[in-house]
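Text of entry22.txt, listed as compact mmCIF, C-alpha atoms:
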# COMPACT_ATOMS: atom_id res chain seq x y z
CA MET X 29 0.00 0.00 0.00
CA SER X 30 1.36 3.39 -1.02
CA ALA X 31 1.49 6.35 1.33
CA ARG X 32 -1.33 8.06 -0.59
CA ASP X 33 -3.56 5.00 -0.35
CA TRP X 34 -2.84 4.77 3.38
CA LEU X 35 -3.81 8.43 3.85
CA LEU X 36 -6.99 8.15 1.78
CA GLU X 37 -8.21 4.85 3.21
CA ASP X 38 -11.95 4.95 3.91
CA SER X 39 -11.66 3.05 7.19
CA PRO X 40 -8.66 4.36 9.18
CA HIS X 41 -7.20 1.92 11.69
CA SER X 42 -5.92 4.54 14.13
CA ARG X 43 -6.45 8.13 15.21
CA LEU X 44 -3.08 9.03 13.68
CA GLN X 45 -4.12 7.66 10.29
CA ALA X 46 -7.45 9.50 10.44
CA ASN X 47 -5.84 12.82 11.35
CA ALA X 48 -3.10 12.41 8.75
CA GLY X 49 -5.67 11.59 6.09
CA ARG X 50 -7.76 14.62 6.91
CA ALA X 51 -4.71 16.88 6.84
CA TYR X 52 -3.73 15.44 3.46
CA ARG X 53 -7.21 16.07 2.04
CA VAL X 54 -7.17 19.67 3.31
CA PHE X 55 -3.73 20.24 1.84
CA THR X 56 -4.63 18.85 -1.57
CA ALA X 57 -7.87 20.85 -1.61
CA LEU X 58 -5.94 24.03 -0.85
CA LEU X 59 -3.53 23.29 -3.70
CA ARG X 60 -6.47 23.31 -6.12
CA ASN X 61 -7.22 26.94 -5.20
CA PRO X 62 -4.66 29.32 -6.78
CA LEU X 63 -5.45 32.17 -4.38
CA SER X 64 -4.99 29.88 -1.38
CA VAL X 65 -1.61 28.80 -2.74
CA LEU X 66 -0.65 32.44 -3.24
CA GLY X 67 -1.75 33.30 0.29
CA GLY X 68 0.18 30.37 1.71
CA ILE X 69 3.31 31.40 -0.19
CA ILE X 70 3.02 34.97 1.13
CA ILE X 71 2.67 33.77 4.73
CA LEU X 72 5.53 31.30 4.28
CA VAL X 73 7.73 34.09 2.93
CA LEU X 74 6.76 36.24 5.93
CA VAL X 75 7.72 33.47 8.35
CA LEU X 76 11.02 32.72 6.60
CA THR X 77 11.82 36.42 6.38
CA ALA X 78 11.22 36.85 10.11
CA ILE X 79 13.37 33.82 10.94
CA PHE X 80 16.27 34.70 8.66
CA ALA X 81 16.09 38.49 9.04
CA PRO X 82 19.65 38.77 10.45
CA TRP X 83 21.00 37.18 7.26
CA LEU X 84 18.58 38.73 4.75
CA ALA X 85 18.82 42.36 5.89
CA PRO X 86 21.87 44.02 4.30
CA TYR X 87 22.01 46.77 6.95
CA SER X 88 21.07 47.36 10.55
CA ALA X 89 17.45 48.27 11.25
CA ILE X 90 18.42 51.17 13.52
CA GLY X 91 21.83 52.23 12.17
CA GLN X 92 21.79 55.82 10.93
CA ASP X 93 23.64 57.35 7.96
CA LEU X 94 22.71 61.03 7.78
CA ALA X 95 24.91 61.57 4.75
CA ASN X 96 22.64 59.19 2.83
CA ARG X 97 19.26 60.39 4.15
CA LEU X 98 16.17 60.22 1.91
CA ALA X 99 18.08 58.47 -0.87
CA PRO X 100 15.82 57.04 -3.59
CA PRO X 101 15.68 53.29 -4.33
CA SER X 102 18.91 52.06 -5.88
CA SER X 103 21.11 48.99 -6.09
CA ALA X 104 22.69 49.92 -2.76
CA ASN X 105 19.35 50.61 -1.04
CA LEU X 106 16.61 48.62 -2.76
CA MET X 107 13.78 50.59 -1.12
CA GLY X 108 15.67 53.82 -0.48
CA THR X 109 16.46 55.34 2.89
CA ASP X 110 14.43 57.30 5.42
CA GLU X 111 14.98 60.71 7.02
CA LEU X 112 17.78 59.32 9.21
CA GLY X 113 19.53 57.44 6.43
CA ARG X 114 18.32 54.03 7.57
CA ASP X 115 17.85 51.41 4.87
CA ILE X 116 14.09 50.91 4.41
CA PHE X 117 14.48 47.42 2.92
CA SER X 118 16.34 46.27 6.03
CA ARG X 119 13.76 47.88 8.30
CA VAL X 120 10.89 46.20 6.42
CA ILE X 121 12.63 42.83 6.79
CA TRP X 122 13.24 43.32 10.52
CA GLY X 123 9.69 44.61 10.86
CA SER X 124 8.39 41.23 9.70
CA GLN X 125 9.50 39.85 13.07
CA ILE X 126 7.36 42.40 14.89
CA THR X 127 4.37 41.72 12.65
CA LEU X 128 4.66 37.95 13.05
CA THR X 129 5.05 38.33 16.82
CA ILE X 130 1.91 40.46 17.06
CA VAL X 131 -0.11 38.08 14.87
CA GLY X 132 1.08 34.98 16.71
CA LEU X 133 0.59 36.28 20.25
CA VAL X 134 -2.83 37.77 19.51
CA ALA X 135 -3.95 34.44 18.05
CA LEU X 136 -2.53 32.49 21.01
CA ILE X 137 -4.26 34.75 23.53
CA SER X 138 -7.60 35.62 21.97
CA ALA X 139 -8.55 32.40 20.15
CA PRO X 140 -8.26 29.97 23.11
CA LEU X 141 -9.95 32.50 25.41
CA GLY X 142 -12.88 33.04 23.06
CA LEU X 143 -13.12 29.32 22.31
CA LEU X 144 -13.34 28.44 26.01
CA VAL X 145 -15.84 31.17 26.88
CA GLY X 146 -18.09 30.29 23.94
CA ALA X 147 -17.95 26.55 24.60
CA VAL X 148 -18.80 26.98 28.29
CA ALA X 149 -21.68 29.33 27.49
CA GLY X 150 -23.09 27.08 24.78
CA TYR X 151 -22.75 23.87 26.79
CA PHE X 152 -24.30 24.99 30.07
CA GLY X 153 -26.81 27.52 28.72
CA GLY X 154 -29.14 29.25 31.18
CA TRP X 155 -27.76 31.99 33.37
CA THR X 156 -24.18 31.01 32.51
CA ASP X 157 -24.90 31.64 28.84
CA ARG X 158 -26.67 34.93 29.53
CA LEU X 159 -23.88 36.18 31.78
CA LEU X 160 -20.99 35.27 29.50
CA MET X 161 -22.70 36.38 26.29
CA GLY X 162 -23.83 39.62 27.92
CA PHE X 163 -20.22 40.34 28.80
CA THR X 164 -19.22 39.39 25.25
CA ASP X 165 -21.85 41.69 23.73
CA ILE X 166 -20.40 44.63 25.65
CA PHE X 167 -17.12 44.20 23.78
CA LEU X 168 -18.85 43.53 20.46
CA SER X 169 -20.91 46.72 20.76
CA MET X 170 -17.80 48.90 20.46
CA PRO X 171 -15.51 49.27 17.41
CA LYS X 172 -12.38 47.17 17.82
CA LEU X 173 -9.95 49.95 16.95
CA ILE X 174 -11.57 52.43 19.34
CA LEU X 175 -11.60 49.82 22.10
CA ALA X 176 -7.96 48.96 21.44
CA LEU X 177 -7.07 52.65 21.58
CA ALA X 178 -8.79 52.92 24.96
CA PHE X 179 -6.89 49.95 26.38
CA VAL X 180 -3.53 51.11 25.04
CA ALA X 181 -4.15 54.61 26.38
CA ALA X 182 -4.85 53.08 29.79
CA LEU X 183 -1.94 50.64 29.73
CA GLY X 184 0.55 52.97 28.08
CA PRO X 185 2.21 52.92 24.64
CA GLY X 186 4.36 49.95 23.69
CA ILE X 187 4.26 46.80 21.62
CA ASN X 188 3.44 44.52 24.57
CA ASN X 189 0.49 46.64 25.62
CA ALA X 190 -0.65 46.87 22.00
CA ILE X 191 -0.69 43.06 21.76
CA ILE X 192 -2.71 42.79 24.98
CA ALA X 193 -5.16 45.45 23.80
CA ILE X 194 -5.70 43.82 20.40
CA ALA X 195 -6.15 40.39 22.00
CA ILE X 196 -8.72 41.77 24.46
CA THR X 197 -10.74 43.23 21.60
CA SER X 198 -10.50 40.10 19.39
CA TRP X 199 -11.77 37.27 21.59
CA PRO X 200 -15.54 38.11 21.60
CA ALA X 201 -16.00 37.15 17.93
CA TYR X 202 -14.41 33.76 18.61
CA ALA X 203 -16.65 33.27 21.64
CA ARG X 204 -19.75 33.80 19.51
CA ILE X 205 -18.59 31.25 16.93
CA ALA X 206 -17.70 28.67 19.59
CA ARG X 207 -21.06 29.15 21.32
CA ALA X 208 -22.98 28.61 18.09
CA GLU X 209 -20.96 25.48 17.28
CA THR X 210 -21.42 24.11 20.81
CA MET X 211 -25.17 24.63 20.81
CA THR X 212 -25.49 22.52 17.66
CA ILE X 213 -23.67 19.53 19.13
CA ARG X 214 -24.40 19.62 22.87
CA ASN X 215 -27.54 17.48 22.41
CA ALA X 216 -25.88 15.04 20.02
CA GLU X 217 -26.05 11.32 20.81
CA PHE X 218 -22.31 10.91 21.26
CA ILE X 219 -22.31 13.72 23.86
CA ALA X 220 -25.16 11.96 25.72
CA ALA X 221 -23.22 8.68 25.57
CA VAL X 222 -20.14 10.33 27.08
CA GLN X 223 -22.26 11.89 29.81
CA LEU X 224 -23.83 8.51 30.63
CA GLN X 225 -20.35 7.10 31.09
CA GLY X 226 -19.84 9.59 33.91
CA ALA X 227 -17.68 12.17 32.15
CA SER X 228 -17.56 15.53 33.90
CA PRO X 229 -18.65 18.71 32.07
CA LEU X 230 -15.01 19.82 31.92
CA ARG X 231 -13.99 16.57 30.21
CA VAL X 232 -16.89 16.77 27.76
CA ILE X 233 -16.01 20.33 26.82
CA VAL X 234 -12.26 19.81 26.53
CA ARG X 235 -12.21 16.37 24.91
CA HIS X 236 -15.33 16.41 22.73
CA VAL X 237 -16.71 19.93 22.21
CA LEU X 238 -13.60 22.05 21.69
CA PRO X 239 -12.07 19.81 18.99
CA LEU X 240 -15.25 20.11 16.92
CA CYS X 241 -15.06 23.91 17.09
CA THR X 242 -11.45 24.02 15.91
CA SER X 243 -12.13 24.11 12.16
CA SER X 244 -14.36 27.17 12.34
CA MET X 245 -11.92 28.82 14.71
CA ILE X 246 -8.95 28.28 12.39
CA ILE X 247 -10.85 29.89 9.53
CA ARG X 248 -11.91 32.91 11.58
CA VAL X 249 -8.44 33.41 13.09
CA THR X 250 -6.80 33.31 9.67
CA LEU X 251 -9.28 35.80 8.23
CA ASP X 252 -8.92 38.08 11.26
CA MET X 253 -5.15 38.27 11.01
CA ALA X 254 -5.40 40.92 8.30
CA GLY X 255 -7.48 43.06 10.67
CA VAL X 256 -4.98 42.43 13.47
CA ILE X 257 -2.12 43.62 11.26
CA LEU X 258 -4.04 46.75 10.27
CA THR X 259 -5.00 47.47 13.89
CA ALA X 260 -1.39 47.08 15.02
CA ALA X 261 -0.25 49.32 12.18
CA GLY X 262 -2.89 51.89 13.15
CA LEU X 263 -1.69 51.91 16.75
CA GLY X 264 1.89 52.28 15.56
CA PHE X 265 0.87 55.05 13.17
CA ILE X 266 -0.48 57.22 15.99
CA GLY X 267 2.42 56.41 18.31
CA LEU X 268 0.69 53.97 20.67
CA GLY X 269 2.20 50.76 19.30
CA ALA X 270 5.84 49.84 18.88
CA GLN X 271 8.05 52.73 19.89
CA PRO X 272 11.05 54.13 17.97
CA PRO X 273 13.52 52.98 16.87
CA LEU X 274 11.72 49.63 16.37
CA PRO X 275 10.99 49.08 12.65
CA GLU X 276 7.24 48.56 12.98
CA TRP X 277 5.52 49.07 9.63
CA GLY X 278 2.77 51.37 10.89
CA ALA X 279 5.25 53.61 12.69
CA MET X 280 7.40 53.73 9.53
CA ILE X 281 4.40 54.96 7.53
CA SER X 282 3.70 57.59 10.18
CA ARG X 283 7.24 58.97 9.97
CA GLY X 284 7.20 58.83 6.18
CA ARG X 285 3.93 60.67 5.64
CA VAL X 286 5.77 63.99 5.99
CA PHE X 287 7.78 63.18 2.86
CA ILE X 288 5.00 61.48 0.88
CA LEU X 289 4.98 64.04 -1.97
CA ASP X 290 8.73 64.24 -2.65
CA GLN X 291 10.20 61.06 -1.10
CA TRP X 292 7.28 58.70 -1.69
CA TRP X 293 9.24 55.53 -0.95
CA VAL X 294 9.61 56.27 2.76
CA ALA X 295 5.92 55.60 3.49
CA THR X 296 5.01 53.54 0.43
CA MET X 297 7.35 50.60 0.95
CA PRO X 298 6.12 49.59 4.43
CA GLY X 299 2.58 50.24 3.19
CA PHE X 300 3.10 47.68 0.42
CA ALA X 301 4.35 45.19 3.01
CA ILE X 302 1.18 45.62 5.09
CA ILE X 303 -1.07 45.24 2.04
CA ILE X 304 0.70 42.13 0.73
CA VAL X 305 0.76 40.31 4.08
CA SER X 306 -2.87 41.21 4.79
CA LEU X 307 -3.91 39.88 1.38
CA GLY X 308 -1.97 36.69 2.06
CA PHE X 309 -3.97 35.98 5.22
CA CYS X 310 -7.23 36.83 3.45
CA PHE X 311 -6.49 34.52 0.51
CA LEU X 312 -5.52 31.64 2.78
CA GLY X 313 -8.53 32.23 5.03
CA ASP X 314 -10.90 32.15 2.06
CA GLY X 315 -9.34 28.90 0.90
CA LEU X 316 -9.67 27.31 4.34
CA ARG X 317 -13.30 28.41 4.51
CA ASP X 318 -14.03 26.67 1.21
CA VAL X 319 -12.19 23.51 2.28
CA PHE X 320 -13.89 23.21 5.67
CA ASP X 321 -17.36 24.10 4.35
CA PRO X 322 -19.58 21.04 4.94
CA LYS X 323 -21.40 21.77 1.68
CA ASN X 324 -18.21 21.02 -0.20
CA GLU X 325 -17.66 17.61 1.40
CA GLY X 326 -17.12 15.00 -1.25
CA LYS X 327 -16.74 17.44 -4.10

Take the structure I supplied and represent it as structure tokens, if you would.
Amino acid sequence: MSARDWLLEDSPHSRLQANAGRAYRVFTALLRNPLSVLGGIIILVLVLTAIFAPWLAPYSAIGQDLANRLAPPSSANLMGTDELGRDIFSRVIWGSQITLTIVGLVALISAPLGLLVGAVAGYFGGWTDRLLMGFTDIFLSMPKLILALAFVAALGPGINNAIIAIAITSWPAYARIARAETMTIRNAEFIAAVQLQGASPLRVIVRHVLPLCTSSMIIRVTLDMAGVILTAAGLGFIGLGAQPPLPEWGAMISRGRVFILDQWWVATMPGFAIIIVSLGFCFLGDGLRDVFDPKNEGK
């Protein structure tokens, strides 16, 4: 039996085989979508750029060269230099680390929190559901950027506080999705069978409910990453995110807007980076949504 036949076997003999087969089907389905492939390539390039930034960046991200300030793009400086003579290409490369850090930490904080809150609310219902969803609705009733601004203003400017603020404003949407998923399966026969075996509510939620909510959560997190990047860039643009001299893309645009008419490259280059990475997450998220859509099963 070939590896492909083993992965696509209709009756898996182990949990490992079942999970590997599902992952293989998802991967092959994504490969059939050109935009998903493009989005995956963009995100892969972002990750590799962040990892190998010390070797890819030709110059320091904070080293100044006032004699070469506001130089246009050239062979020596592929994206030109800023008002302090710093190489913009190097700063964009180093900035990928900050962007990936923000995206990763926000996803690690907000997604599990929203998943747990939504699953608990949907499973228990009653006053627990009303209390948790009422608290969730308070956050959903306010624009995310305005709410993030309020938290950052209270916590103080800085990249760590910006990550916390964005994560606090992101979890309610995940809680709503997890609650809806949980309410559709909490009365299922396999849940009743587990309960009859004496499983505690915590075990039912962790072992049986949360795994079934993972697919929807992955899709929503991937699609939301573009918004997270834009929110982080917005906070950096107004000076509440990463502080100088860190090469955060939003802060770079803010400093370059003064020279936008004559030295367009100072603000344009980091702006292109934000647009491309945001599109990458959107393309991949759309592909994942199509793959995990139950209507497309078997197609």

Can you list, as a list in words, every protein, DNA or RNA residue that comes within 10 Å of Gly67 of chain X when you count only C-alpha atoms, leaving out same-chain residues fewer than 5 positions away?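 Here the qualifying residues turn out to be Pro62, Leu72, Val73, Ile304, Val305, Ser306, Leu307, Gly308, Phe309, Cys310, Phe311, Leu312, Gly313, Asp314 and Gly315 of chain X.
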
Contacts of segment 128-142 of chain X within 9 Å, all atoms listed in the file, excl. fewer than 3 positions in-chain, as number ranges by chain: X: 74-75, 78, 123-125, 145-147, 187-188, 190-192, 194-206, 245-246, 249-250, 253-254, 256-257, 260

So how far away is atom CA of Ser103 of chain X from atom CA of Leu274 of chain X, in Å?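 Calculated distance between atom CA of Leu274 of chain X and atom CA of Ser103 of chain X is 24.4 Å.
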
Nearest to Thr212 of chain X by atom-to-atom distance, counting all atoms listed in the file, from X:Pro298, X:Pro100, X:Gly150, X:Gly278: X:Gly150

Closest atom pairs, segment 228-325 of chain X residues within 9 Å of segment 172-183 of chain X, all atoms listed in the file, as JSON lines:
{"residue": "X:Thr259", "atom": "CA", "partner": "X:Leu173", "partner_atom": "CA", "distance": 6.3}
{"residue": "X:Gly262", "atom": "CA", "partner": "X:Leu173", "partner_atom": "CA", "distance": 8.2}
{"residue": "X:Leu263", "atom": "CA", "partner": "X:Leu177", "partner_atom": "CA", "distance": 7.3}
{"residue": "X:Leu268", "atom": "CA", "partner": "X:Val180", "partner_atom": "CA", "distance": 6.7}
{"residue": "X:Gly269", "atom": "CA", "partner": "X:Val180", "partner_atom": "CA", "distance": 8.1}

Taking C-alpha atoms for each residue, export the selection above as a compact mmCIF listing (two decimals), in the frame of the given file.
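Result file is selection-v9.txt:
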# COMPACT_ATOMS: atom_id res chain seq x y z
CA THR X 259 -5.00 47.47 13.89
CA GLY X 262 -2.89 51.89 13.15
CA LEU X 263 -1.69 51.91 16.75
CA LEU X 268 0.69 53.97 20.67
CA GLY X 269 2.20 50.76 19.30

Between atom CA of Gly184 of chain X and atom CA of Pro171 of chain X, measure the distance and give it in Å to one decimal.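 So the two atoms, atom CA of Gly184 of chain X and atom CA of Pro171 of chain X, lie 19.6 Å apart.
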
Write out as a Markdown table a residue-level contact list of segment 116-162 of chain X versus segment 286-296 of chain X with cut-off 12 Å: for each qualifying residue the closest pair of atoms and the distance in Å to one decimal, counting only C-alpha atoms, rows sorted by chain and residue number upward.
| residue | atom | partner | partner_atom | distance |
| --- | --- | --- | --- | --- |
| X:Ile116 | CA | X:Val294 | CA | 7.2 |
| X:Phe117 | CA | X:Val294 | CA | 10.1 |
| X:Arg119 | CA | X:Val294 | CA | 10.9 |
| X:Val120 | CA | X:Val294 | CA | 10.8 |

Can I get the selected residues back with C-alpha atoms, as a CSV table (one decimal), in the coordinates of the input?
chain,number,residue,atom,x,y,z
X,116,ILE,CA,14.1,50.9,4.4
X,117,PHE,CA,14.5,47.4,2.9
X,119,ARG,CA,13.8,47.9,8.3
X,120,VAL,CA,10.9,46.2,6.4

Close residues, Ala81 of chain X itself excluded, 8 Å, only C-alpha atoms, min 4 positions apart in chain, as an mmCIF file with C-alpha atoms, keeping the file's coordinate frame:
data_model
loop_
_atom_site.group_PDB
_atom_site.id
_atom_site.type_symbol
_atom_site.label_atom_id
_atom_site.label_comp_id
_atom_site.auth_asym_id
_atom_site.auth_seq_id
_atom_site.Cartn_x
_atom_site.Cartn_y
_atom_site.Cartn_z
ATOM 1 C CA THR X 77 11.820 36.420 6.380
ATOM 2 C CA ALA X 85 18.820 42.360 5.890
ATOM 3 C CA ILE X 121 12.630 42.830 6.790
ATOM 4 C CA TRP X 122 13.240 43.320 10.520
ATOM 5 C CA GLN X 125 9.500 39.850 13.070
#
